[in-house]
>>> print(open('start36.cif').read())   # mmCIF, C-alpha atoms and all ligand atoms
data_upload
#
loop_
_atom_site.group_PDB
_atom_site.id
_atom_site.type_symbol
_atom_site.label_atom_id
_atom_site.label_comp_id
_atom_site.auth_asym_id
_atom_site.auth_seq_id
_atom_site.Cartn_x
_atom_site.Cartn_y
_atom_site.Cartn_z
ATOM 1 C CA MET A 277 -233.997 22.457 103.035
ATOM 2 C CA ASN A 278 -236.490 20.177 104.791
ATOM 3 C CA LEU A 279 -236.405 17.128 102.545
ATOM 4 C CA CYS A 280 -238.690 15.186 104.896
ATOM 5 C CA ASP A 281 -241.518 17.569 104.129
ATOM 6 C CA ILE A 282 -243.853 15.930 101.627
ATOM 7 C CA LYS A 283 -244.767 19.230 99.965
ATOM 8 C CA THR A 284 -241.090 20.139 99.543
ATOM 9 C CA ILE A 285 -240.323 16.739 97.952
ATOM 10 C CA LYS A 286 -243.266 17.067 95.566
ATOM 11 C CA ASP A 287 -242.417 20.698 94.708
ATOM 12 C CA VAL A 288 -238.767 19.911 93.997
ATOM 13 C CA MET A 289 -239.724 16.955 91.825
ATOM 14 C CA SER A 290 -242.253 18.989 89.889
ATOM 15 C CA ILE A 291 -239.760 21.855 89.337
ATOM 16 C CA TYR A 292 -237.375 19.322 87.771
ATOM 17 C CA GLY A 293 -240.196 17.569 85.910
ATOM 18 C CA ILE A 294 -239.637 14.113 87.433
ATOM 19 C CA THR A 295 -241.923 11.503 88.975
ATOM 20 C CA PHE A 296 -241.340 8.583 91.354
ATOM 21 C CA ARG A 297 -239.810 5.680 89.457
ATOM 22 C CA LYS A 298 -241.212 2.448 90.779
ATOM 23 C CA GLU A 299 -238.753 0.378 88.756
ATOM 24 C CA PHE A 300 -235.933 1.940 90.800
ATOM 25 C CA GLY A 301 -237.633 1.187 94.125
ATOM 26 C CA GLN A 302 -238.083 4.862 94.940
ATOM 27 C CA ASN A 303 -239.679 5.223 98.383
ATOM 28 C CA PHE A 304 -238.307 8.345 99.966
ATOM 29 C CA LEU A 305 -237.989 8.743 103.725
ATOM 30 C CA THR A 306 -240.159 11.448 105.276
ATOM 31 C CA ASN A 307 -239.481 11.054 108.989
ATOM 32 C CA PRO A 308 -236.609 13.283 110.203
ATOM 33 C CA THR A 309 -236.064 11.252 113.382
ATOM 34 C CA VAL A 310 -235.567 8.074 111.382
ATOM 35 C CA VAL A 311 -233.171 9.805 108.985
ATOM 36 C CA GLU A 312 -231.142 11.247 111.865
ATOM 37 C CA ASP A 313 -231.056 7.890 113.675
ATOM 38 C CA ILE A 314 -229.692 6.145 110.594
ATOM 39 C CA ALA A 315 -227.048 8.827 110.015
ATOM 40 C CA ASP A 316 -226.059 8.818 113.703
ATOM 41 C CA ASN A 317 -225.743 5.037 113.970
ATOM 42 C CA CYS A 318 -224.341 3.904 110.612
ATOM 43 C CA THR A 319 -220.789 3.728 111.971
ATOM 44 C CA GLU A 320 -219.001 4.286 115.242
ATOM 45 C CA TYR A 321 -216.201 6.194 113.456
ATOM 46 C CA PRO A 322 -216.987 9.879 112.831
ATOM 47 C CA ASP A 323 -213.924 10.284 110.595
ATOM 48 C CA SER A 324 -215.297 7.843 107.996
ATOM 49 C CA THR A 325 -216.083 8.278 104.346
ATOM 50 C CA ILE A 326 -219.636 7.095 103.733
ATOM 51 C CA LEU A 327 -220.745 5.348 100.569
ATOM 52 C CA GLU A 328 -224.458 5.996 100.106
ATOM 53 C CA ILE A 329 -226.330 3.913 97.559
ATOM 54 C CA GLY A 330 -229.428 5.588 96.120
ATOM 55 C CA PRO A 331 -229.553 9.097 97.601
ATOM 56 C CA GLY A 332 -232.970 9.822 96.035
ATOM 57 C CA VAL A 333 -233.668 13.515 96.648
ATOM 58 C CA GLY A 334 -230.871 13.609 99.227
ATOM 59 C CA VAL A 335 -232.673 13.401 102.554
ATOM 60 C CA LEU A 336 -230.156 11.004 104.143
ATOM 61 C CA THR A 337 -227.215 12.397 102.150
ATOM 62 C CA GLN A 338 -227.800 15.787 103.743
ATOM 63 C CA GLU A 339 -227.684 14.359 107.270
ATOM 64 C CA LEU A 340 -224.590 12.296 106.464
ATOM 65 C CA ALA A 341 -222.858 15.374 105.024
ATOM 66 C CA PHE A 342 -223.198 17.218 108.346
ATOM 67 C CA ARG A 343 -221.739 14.303 110.313
ATOM 68 C CA TYR A 344 -218.960 12.798 108.195
ATOM 69 C CA PRO A 345 -216.055 14.372 106.271
ATOM 70 C CA SER A 346 -216.876 12.723 102.951
ATOM 71 C CA VAL A 347 -219.974 11.200 101.353
ATOM 72 C CA VAL A 348 -219.918 9.389 98.013
ATOM 73 C CA ALA A 349 -223.468 8.927 96.731
ATOM 74 C CA VAL A 350 -224.264 6.652 93.775
ATOM 75 C CA GLU A 351 -227.674 7.205 92.163
ATOM 76 C CA ILE A 352 -228.970 5.288 89.136
ATOM 77 C CA ASP A 353 -231.707 7.750 88.164
ATOM 78 C CA ARG A 354 -230.240 10.400 85.896
ATOM 79 C CA GLY A 355 -233.276 12.625 86.479
ATOM 80 C CA LEU A 356 -232.327 12.972 90.150
ATOM 81 C CA ILE A 357 -228.819 14.332 89.517
ATOM 82 C CA PRO A 358 -229.836 17.990 88.958
ATOM 83 C CA VAL A 359 -232.281 17.657 91.857
ATOM 84 C CA LEU A 360 -229.455 16.539 94.142
ATOM 85 C CA ARG A 361 -227.247 19.398 92.966
ATOM 86 C CA TYR A 362 -230.003 21.721 94.180
ATOM 87 C CA THR A 363 -231.087 19.964 97.377
ATOM 88 C CA LEU A 364 -227.510 19.389 98.576
ATOM 89 C CA SER A 365 -226.332 22.941 97.866
ATOM 90 C CA ASP A 366 -226.531 23.800 101.601
ATOM 91 C CA CYS A 367 -224.180 20.958 102.592
ATOM 92 C CA PRO A 368 -220.639 21.742 103.737
ATOM 93 C CA GLU A 369 -218.484 22.411 100.706
ATOM 94 C CA GLY A 370 -216.629 19.547 99.089
ATOM 95 C CA VAL A 371 -218.149 16.831 101.292
ATOM 96 C CA VAL A 372 -220.621 15.181 98.918
ATOM 97 C CA SER A 373 -219.837 13.712 95.515
ATOM 98 C CA VAL A 374 -222.784 12.401 93.533
ATOM 99 C CA ILE A 375 -222.162 9.763 90.894
ATOM 100 C CA ASN A 376 -224.784 8.827 88.331
ATOM 101 C CA ASP A 377 -224.400 5.064 88.007
ATOM 102 C CA ASP A 378 -225.982 1.683 88.646
ATOM 103 C CA ILE A 379 -224.231 0.406 91.777
ATOM 104 C CA MET A 380 -224.318 -3.108 90.310
ATOM 105 C CA LYS A 381 -222.087 -1.873 87.482
ATOM 106 C CA THR A 382 -219.920 0.470 89.543
ATOM 107 C CA ASP A 383 -216.285 -0.452 90.143
ATOM 108 C CA ILE A 384 -216.634 0.200 93.867
ATOM 109 C CA ALA A 385 -212.962 -0.561 94.624
ATOM 110 C CA ALA A 386 -211.821 2.046 92.104
ATOM 111 C CA LEU A 387 -214.430 4.581 93.215
ATOM 112 C CA LEU A 388 -213.425 4.291 96.865
ATOM 113 C CA ALA A 389 -209.671 3.781 96.433
ATOM 114 C CA PRO A 390 -208.854 7.376 97.516
ATOM 115 C CA ALA A 391 -211.199 7.036 100.511
ATOM 116 C CA PHE A 392 -209.625 3.764 101.660
ATOM 117 C CA GLU A 393 -206.197 5.344 101.240
ATOM 118 C CA LYS A 394 -207.285 8.174 103.532
ATOM 119 C CA GLY A 395 -208.876 5.997 106.209
ATOM 120 C CA ARG A 396 -212.122 4.372 107.243
ATOM 121 C CA VAL A 397 -215.124 3.725 104.999
ATOM 122 C CA SER A 398 -218.665 2.546 105.809
ATOM 123 C CA VAL A 399 -221.806 2.098 103.745
ATOM 124 C CA CYS A 400 -225.138 3.683 104.618
ATOM 125 C CA ALA A 401 -228.211 3.260 102.438
ATOM 126 C CA ASN A 402 -231.949 3.057 102.252
ATOM 127 C CA LEU A 403 -231.785 0.306 99.663
ATOM 128 C CA PRO A 404 -234.238 -0.208 96.810
ATOM 129 C CA TYR A 405 -236.202 -3.366 97.658
ATOM 130 C CA TYR A 406 -236.010 -4.898 94.193
ATOM 131 C CA ILE A 407 -232.271 -5.414 94.432
ATOM 132 C CA THR A 408 -231.387 -5.582 98.142
ATOM 133 C CA THR A 409 -229.671 -8.979 98.193
ATOM 134 C CA PRO A 410 -227.576 -8.512 95.014
ATOM 135 C CA ILE A 411 -226.318 -5.139 96.302
ATOM 136 C CA LEU A 412 -225.498 -6.573 99.723
ATOM 137 C CA MET A 413 -223.714 -9.564 98.192
ATOM 138 C CA LYS A 414 -221.754 -7.298 95.858
ATOM 139 C CA LEU A 415 -220.571 -5.221 98.837
ATOM 140 C CA LEU A 416 -219.623 -8.290 100.882
ATOM 141 C CA GLU A 417 -217.966 -10.166 98.032
ATOM 142 C CA SER A 418 -215.965 -7.073 97.038
ATOM 143 C CA GLY A 419 -213.690 -7.906 99.967
ATOM 144 C CA LEU A 420 -213.329 -4.176 100.617
ATOM 145 C CA PRO A 421 -212.542 -3.402 104.259
ATOM 146 C CA PHE A 422 -215.714 -1.499 105.144
ATOM 147 C CA ASP A 423 -216.175 -1.082 108.883
ATOM 148 C CA TYR A 424 -219.978 -1.155 108.725
ATOM 149 C CA ILE A 425 -222.705 -1.689 106.171
ATOM 150 C CA THR A 426 -225.886 -0.099 107.487
ATOM 151 C CA ILE A 427 -228.943 -0.653 105.335
ATOM 152 C CA MET A 428 -232.656 -0.061 105.444
ATOM 153 C CA ILE A 429 -234.358 -3.091 103.950
ATOM 154 C CA GLN A 430 -237.680 -4.951 104.084
ATOM 155 C CA SER A 431 -238.421 -6.041 107.610
ATOM 156 C CA GLU A 432 -238.630 -9.715 106.679
ATOM 157 C CA VAL A 433 -235.259 -9.611 104.914
ATOM 158 C CA ALA A 434 -233.846 -7.983 108.047
ATOM 159 C CA ALA A 435 -235.220 -10.903 110.078
ATOM 160 C CA ARG A 436 -233.392 -13.328 107.779
ATOM 161 C CA LEU A 437 -230.096 -11.466 108.037
ATOM 162 C CA CYS A 438 -230.221 -11.420 111.837
ATOM 163 C CA ALA A 439 -231.650 -14.926 112.383
ATOM 164 C CA LYS A 440 -230.120 -17.540 114.665
ATOM 165 C CA ALA A 441 -229.241 -20.986 113.273
ATOM 166 C CA GLY A 442 -232.214 -23.330 113.566
ATOM 167 C CA SER A 443 -234.863 -20.591 113.556
ATOM 168 C CA LYS A 444 -237.474 -20.285 110.822
ATOM 169 C CA ASP A 445 -235.879 -17.157 109.348
ATOM 170 C CA TYR A 446 -232.401 -18.691 109.139
ATOM 171 C CA GLY A 447 -231.256 -19.343 105.590
ATOM 172 C CA ALA A 448 -228.324 -19.431 103.189
ATOM 173 C CA ILE A 449 -228.068 -15.633 103.256
ATOM 174 C CA THR A 450 -227.706 -15.684 107.061
ATOM 175 C CA ALA A 451 -224.942 -18.290 107.036
ATOM 176 C CA VAL A 452 -223.109 -16.434 104.261
ATOM 177 C CA LEU A 453 -223.561 -13.034 105.915
ATOM 178 C CA ASN A 454 -222.149 -14.373 109.204
ATOM 179 C CA TYR A 455 -219.070 -15.415 107.273
ATOM 180 C CA TYR A 456 -218.394 -11.748 106.512
ATOM 181 C CA GLY A 457 -219.689 -10.021 109.628
ATOM 182 C CA VAL A 458 -222.277 -9.731 112.374
ATOM 183 C CA ALA A 459 -225.706 -8.259 111.671
ATOM 184 C CA GLU A 460 -227.726 -6.332 114.213
ATOM 185 C CA ARG A 461 -231.280 -5.073 113.747
ATOM 186 C CA LEU A 462 -231.292 -1.455 114.933
ATOM 187 C CA PHE A 463 -234.960 -0.537 114.560
ATOM 188 C CA THR A 464 -238.143 -1.081 112.573
ATOM 189 C CA VAL A 465 -239.578 1.649 110.344
ATOM 190 C CA SER A 466 -243.234 1.363 109.406
ATOM 191 C CA ALA A 467 -244.392 1.864 105.825
ATOM 192 C CA GLY A 468 -246.028 5.208 106.665
ATOM 193 C CA ASN A 469 -242.611 6.853 106.960
ATOM 194 C CA PHE A 470 -242.028 6.809 103.190
ATOM 195 C CA LEU A 471 -243.340 8.603 100.139
ATOM 196 C CA PRO A 472 -244.885 6.736 98.403
ATOM 197 C CA ALA A 473 -245.585 4.221 101.191
ATOM 198 C CA PRO A 474 -244.314 0.717 100.345
ATOM 199 C CA LYS A 475 -246.527 -2.331 100.990
ATOM 200 C CA VAL A 476 -244.406 -3.637 103.849
ATOM 201 C CA ASP A 477 -242.524 -2.329 106.859
ATOM 202 C CA SER A 478 -238.767 -1.841 106.809
ATOM 203 C CA ALA A 479 -235.949 -2.233 109.284
ATOM 204 C CA VAL A 480 -232.471 -0.838 109.648
ATOM 205 C CA VAL A 481 -229.747 -3.463 109.926
ATOM 206 C CA ARG A 482 -226.157 -2.670 110.775
ATOM 207 C CA ILE A 483 -223.520 -5.194 109.751
ATOM 208 C CA LYS A 484 -220.144 -4.975 111.424
ATOM 209 C CA LEU A 485 -217.677 -6.630 109.102
ATOM 210 C CA HIS A 486 -215.060 -8.931 110.616
ATOM 211 C CA GLU A 487 -211.690 -7.211 110.558
ATOM 212 C CA GLU A 488 -210.231 -10.647 110.235
ATOM 213 C CA LYS A 489 -212.552 -13.467 109.254
ATOM 214 C CA PRO A 490 -212.915 -15.980 112.098
ATOM 215 C CA TYR A 491 -213.549 -18.718 109.518
ATOM 216 C CA LYS A 492 -210.924 -20.035 107.152
ATOM 217 C CA PRO A 493 -212.476 -22.628 104.849
ATOM 218 C CA LYS A 494 -210.033 -24.772 102.870
ATOM 219 C CA ASP A 495 -211.892 -23.769 99.719
ATOM 220 C CA GLU A 496 -214.177 -20.733 99.831
ATOM 221 C CA LYS A 497 -216.089 -21.763 96.696
ATOM 222 C CA ILE A 498 -216.902 -25.161 98.190
ATOM 223 C CA PHE A 499 -218.016 -23.476 101.414
ATOM 224 C CA PHE A 500 -220.474 -21.274 99.503
ATOM 225 C CA ARG A 501 -221.649 -24.288 97.458
ATOM 226 C CA THR A 502 -222.211 -26.306 100.639
ATOM 227 C CA VAL A 503 -224.371 -23.553 102.138
ATOM 228 C CA ARG A 504 -226.292 -23.017 98.921
ATOM 229 C CA HIS A 505 -227.054 -26.703 98.371
ATOM 230 C CA ALA A 506 -227.979 -27.233 102.034
ATOM 231 C CA PHE A 507 -230.787 -24.677 101.698
ATOM 232 C CA GLU A 508 -231.830 -25.364 98.102
ATOM 233 C CA GLN A 509 -233.974 -28.259 99.292
ATOM 234 C CA ARG A 510 -235.003 -26.968 102.673
ATOM 235 C CA ARG A 511 -237.360 -29.804 103.544
ATOM 236 C CA LYS A 512 -234.791 -32.475 102.767
ATOM 237 C CA THR A 513 -232.330 -33.836 105.300
ATOM 238 C CA LEU A 514 -228.791 -32.554 104.887
ATOM 239 C CA PRO A 515 -227.405 -35.749 103.243
ATOM 240 C CA ASN A 516 -230.246 -35.667 100.677
ATOM 241 C CA ALA A 517 -229.908 -31.941 100.003
ATOM 242 C CA LEU A 518 -226.128 -32.161 99.638
ATOM 243 C CA SER A 519 -226.177 -35.254 97.462
ATOM 244 C CA ALA A 520 -228.600 -33.458 95.100
ATOM 245 C CA GLY A 521 -226.077 -30.590 94.895
ATOM 246 C CA PHE A 522 -222.790 -32.536 94.970
ATOM 247 C CA GLY A 523 -223.696 -35.231 92.441
ATOM 248 C CA GLU A 524 -220.015 -36.180 92.176
ATOM 249 C CA ILE A 525 -219.859 -37.402 95.817
ATOM 250 C CA PRO A 526 -221.626 -40.666 96.804
ATOM 251 C CA LYS A 527 -224.430 -40.069 99.298
ATOM 252 C CA ASP A 528 -223.040 -42.491 101.904
ATOM 253 C CA VAL A 529 -219.744 -40.581 101.828
ATOM 254 C CA LEU A 530 -221.587 -37.282 102.410
ATOM 255 C CA THR A 531 -223.582 -38.861 105.244
ATOM 256 C CA GLN A 532 -220.381 -40.093 106.872
ATOM 257 C CA MET A 533 -218.863 -36.595 106.626
ATOM 258 C CA ILE A 534 -221.923 -35.156 108.385
ATOM 259 C CA VAL A 535 -221.666 -37.801 111.133
ATOM 260 C CA ASP A 536 -217.903 -37.174 111.434
ATOM 261 C CA CYS A 537 -218.726 -33.517 112.106
ATOM 262 C CA GLY A 538 -220.797 -34.685 115.077
ATOM 263 C CA HIS A 539 -224.273 -34.306 113.560
ATOM 264 C CA ASP A 540 -227.233 -36.632 113.391
ATOM 265 C CA PRO A 541 -227.484 -38.043 109.830
ATOM 266 C CA ASN A 542 -231.098 -36.820 109.676
ATOM 267 C CA ILE A 543 -230.195 -33.223 110.508
ATOM 268 C CA ARG A 544 -231.441 -30.418 108.241
ATOM 269 C CA GLY A 545 -229.121 -27.740 106.897
ATOM 270 C CA GLU A 546 -230.906 -24.941 108.754
ATOM 271 C CA ARG A 547 -229.500 -26.218 112.061
ATOM 272 C CA LEU A 548 -225.871 -25.591 111.110
ATOM 273 C CA ASP A 549 -224.208 -22.288 111.903
ATOM 274 C CA THR A 550 -221.450 -20.781 109.778
ATOM 275 C CA ALA A 551 -218.588 -22.465 111.660
ATOM 276 C CA GLN A 552 -220.278 -25.862 111.244
ATOM 277 C CA PHE A 553 -220.760 -25.261 107.515
ATOM 278 C CA VAL A 554 -217.071 -24.413 107.237
ATOM 279 C CA GLU A 555 -216.132 -27.640 109.041
ATOM 280 C CA LEU A 556 -218.349 -29.705 106.740
ATOM 281 C CA SER A 557 -217.191 -27.915 103.592
ATOM 282 C CA ASP A 558 -213.575 -28.658 104.586
ATOM 283 C CA LYS A 559 -214.373 -32.388 104.580
ATOM 284 C CA ILE A 560 -215.978 -32.027 101.145
ATOM 285 C CA ALA A 561 -212.973 -30.047 99.873
ATOM 286 C CA GLU A 562 -210.610 -32.716 101.229
ATOM 287 C CA TRP A 563 -212.580 -35.512 99.553
ATOM 288 C CA LYS A 564 -212.635 -33.618 96.258
ATOM 289 C CA SER A 565 -208.897 -33.013 96.312
ATOM 290 C CA ASN A 566 -208.290 -36.746 96.909
ATOM 291 C CA ASN A 567 -210.741 -38.065 94.316
HETATM 292 N N1 LIG B 601 -232.028 7.580 100.124
HETATM 293 C C1 LIG B 601 -233.334 8.055 99.726
HETATM 294 C C2 LIG B 601 -234.254 8.087 100.912
HETATM 295 O O1 LIG B 601 -233.920 7.461 101.916
HETATM 296 O O2 LIG B 601 -235.299 8.727 100.828
HETATM 297 C C3 LIG B 601 -233.930 7.185 98.602
HETATM 298 C C4 LIG B 601 -234.077 5.715 98.934
HETATM 299 S S1 LIG B 601 -234.998 4.816 97.740
HETATM 300 C C5 LIG B 601 -235.614 3.477 98.699
HETATM 301 C C6 LIG B 601 -233.779 3.955 96.765
HETATM 302 C C7 LIG B 601 -232.909 4.843 95.874
HETATM 303 O O3 LIG B 601 -231.972 3.999 95.196
HETATM 304 C C8 LIG B 601 -233.645 5.599 94.796
HETATM 305 O O4 LIG B 601 -233.181 6.907 94.725
HETATM 306 C C9 LIG B 601 -233.305 4.840 93.499
HETATM 307 O O5 LIG B 601 -233.357 5.632 92.342
HETATM 308 C C10 LIG B 601 -231.901 4.368 93.810
HETATM 309 N N2 LIG B 601 -231.476 3.168 93.097
HETATM 310 C C11 LIG B 601 -232.238 2.128 92.690
HETATM 311 N N3 LIG B 601 -231.502 1.195 92.090
HETATM 312 C C12 LIG B 601 -230.216 1.635 92.121
HETATM 313 C C13 LIG B 601 -228.990 1.109 91.629
HETATM 314 N N4 LIG B 601 -228.935 -0.067 91.009
HETATM 315 N N5 LIG B 601 -227.858 1.844 91.797
HETATM 316 C C14 LIG B 601 -227.910 3.057 92.421
HETATM 317 N N6 LIG B 601 -229.052 3.599 92.903
HETATM 318 C C15 LIG B 601 -230.187 2.895 92.759
#
>>> encode(input="start36.cif", output="structure tokens")
Amino acid sequence: MNLCDIKTIKDVMSIYGITFRKEFGQNFLTNPTVVEDIADNCTEYPDSTILEIGPGVGVLTQELAFRYPSVVAVEIDRGLIPVLRYTLSDCPEGVVSVINDDIMKTDIAALLAPAFEKGRVSVCANLPYYITTPILMKLLESGLPFDYITIMIQSEVAARLCAKAGSKDYGAITAVLNYYGVAERLFTVSAGNFLPAPKVDSAVVRIKLHEEKPYKPKDEKIFFRTVRHAFEQRRKTLPNALSAGFGEIPKDVLTQMIVDCGHDPNIRGERLDTAQFVELSDKIAEWKSNN
């Protein structure tokens, strides 16, 4: 079934009596080349299980099902479940399982336990815009050993994920993402490739998760706090931003820690890469354990 064909999508939806649900960020892909490119490039391991978040009417699911031995698709919209049963009926038998759930409430570790037991697992999704960052953070913080997380997201969010330290797009999300893996922007997809067309362009980002994290902060929570506070007050210098966040530490002590890490005391947080945040957070952790 050609699920990139606009008439087919509309016909299928009308047969099942459903409409596009804006609140679920439903913008369905209509360009077969884009769909194939995402399916082809979402992992380098063809023997992987793929977790797809938000299959919609199944356009990407279908392509994944012909490339990978197992696809687990989690869709929040109950109305789409019978549609998917129909649109995915041509897929190789036993490859796709569709689960009707909100991915934010799904116990992903339990859902994918059999897949991880069998072998490799990656994530591939055209994510709903309204909830991109929470979904990404849930996947990263799960600690599950995904090889890749390949996601279609708003172009400007993609720029933030792939930004270099010190650039205008660099932010807390970049520093945190780099802690878990390395993001690469694969390609841009203009708004006209979706039904209905969103207001902004999208991009596909592939994150290769570190097999072993290169950073080992003394206290992970303090590392995340350091990053968060550093960017909460973006226009402030790092000592000012951190002293607003770490009220328990005197500002001159924080300034000295920054200098001890080899930075100018007037530096702004956006200049520090992940390794430098880890180094600084270790000093904070040390101070906190001694005071
Ligand atoms: N994969 C399809 C495609 O590429 O055409 C649809 C992508 S559409 C941008 C996002 C999909 O995610 C929709 O099907 C929507 O219903 C689903 N979705 C939205 N929020 C979700 C959530 N919290 N959990 C699971 N699926 C969700």
>>> closest_residue(input="start36.cif", among="A:Glu524, A:Glu299, A:Glu508, A:Asp287", to="Glu546 in chain A", atoms="all atoms listed in the file")
A:Glu508
>>> resolve_selection(input="start36.cif", expression="the PyMOL selection byres (((chain A and resi 439) around 12) and not hetatm)", output="count of residues only")
30
>>> residues_near_ligand(input="start36.cif", ligand="ligand LIG 601 (chain B)", cutoff="7 Å", atoms="only C-alpha atoms and all ligand atoms", output="PDB file with C-alpha atoms, in the coordinates of the input")
ATOM      1  CA  PHE A 300    -235.933   1.940  90.800  1.00  0.00           C
ATOM      2  CA  GLY A 301    -237.633   1.187  94.125  1.00  0.00           C
ATOM      3  CA  GLN A 302    -238.083   4.862  94.940  1.00  0.00           C
ATOM      4  CA  ASN A 303    -239.679   5.223  98.383  1.00  0.00           C
ATOM      5  CA  PHE A 304    -238.307   8.345  99.966  1.00  0.00           C
ATOM      6  CA  LEU A 305    -237.989   8.743 103.725  1.00  0.00           C
ATOM      7  CA  ILE A 329    -226.330   3.913  97.559  1.00  0.00           C
ATOM      8  CA  GLY A 330    -229.428   5.588  96.120  1.00  0.00           C
ATOM      9  CA  PRO A 331    -229.553   9.097  97.601  1.00  0.00           C
ATOM     10  CA  GLY A 332    -232.970   9.822  96.035  1.00  0.00           C
ATOM     11  CA  VAL A 333    -233.668  13.515  96.648  1.00  0.00           C
ATOM     12  CA  GLY A 334    -230.871  13.609  99.227  1.00  0.00           C
ATOM     13  CA  VAL A 335    -232.673  13.401 102.554  1.00  0.00           C
ATOM     14  CA  LEU A 336    -230.156  11.004 104.143  1.00  0.00           C
ATOM     15  CA  VAL A 350    -224.264   6.652  93.775  1.00  0.00           C
ATOM     16  CA  GLU A 351    -227.674   7.205  92.163  1.00  0.00           C
ATOM     17  CA  ILE A 352    -228.970   5.288  89.136  1.00  0.00           C
ATOM     18  CA  ASP A 353    -231.707   7.750  88.164  1.00  0.00           C
ATOM     19  CA  ASP A 377    -224.400   5.064  88.007  1.00  0.00           C
ATOM     20  CA  ASP A 378    -225.982   1.683  88.646  1.00  0.00           C
ATOM     21  CA  ILE A 379    -224.231   0.406  91.777  1.00  0.00           C
ATOM     22  CA  MET A 380    -224.318  -3.108  90.310  1.00  0.00           C
ATOM     23  CA  ALA A 401    -228.211   3.260 102.438  1.00  0.00           C
ATOM     24  CA  ASN A 402    -231.949   3.057 102.252  1.00  0.00           C
ATOM     25  CA  LEU A 403    -231.785   0.306  99.663  1.00  0.00           C
ATOM     26  CA  PRO A 404    -234.238  -0.208  96.810  1.00  0.00           C
ATOM     27  CA  TYR A 405    -236.202  -3.366  97.658  1.00  0.00           C
TER      28      TYR A 405
END
>>> atom_distance(input="start36.cif", atom1="CA of Glu555 in chain A", atom2="CA of Arg504 in chain A")
15.1 Å
>>> atom_distance(input="start36.cif", atom1="CA of Tyr292 in chain A", atom2="CA of Val359 in chain A")
6.7 Å
>>> residues_around(input="start36.cif", residues="Met533 in chain A", least_positions_apart="3", cutoff="10 Å", atoms="only C-alpha atoms", output="list in words")
Pro515, Lys527, Asp528, Val529, Leu530, Asp536, Cys537, Gly538, His539, Pro541, Glu555, Leu556, Ser557, Asp558, Lys559, Ile560 and Trp563 of chain A
>>> residues_near_point(input="start36.cif", point="(-225.4, 22.1, 101.6)", cutoff="9 Å", atoms="only C-alpha atoms", output="ChimeraX atom specification")
/A:277,338,341-342,362-369,371-372
>>> atom_distance(input="start36.cif", atom1="CA of Asp281 in chain A", atom2="CA of Gly468 in chain A")
13.4 Å
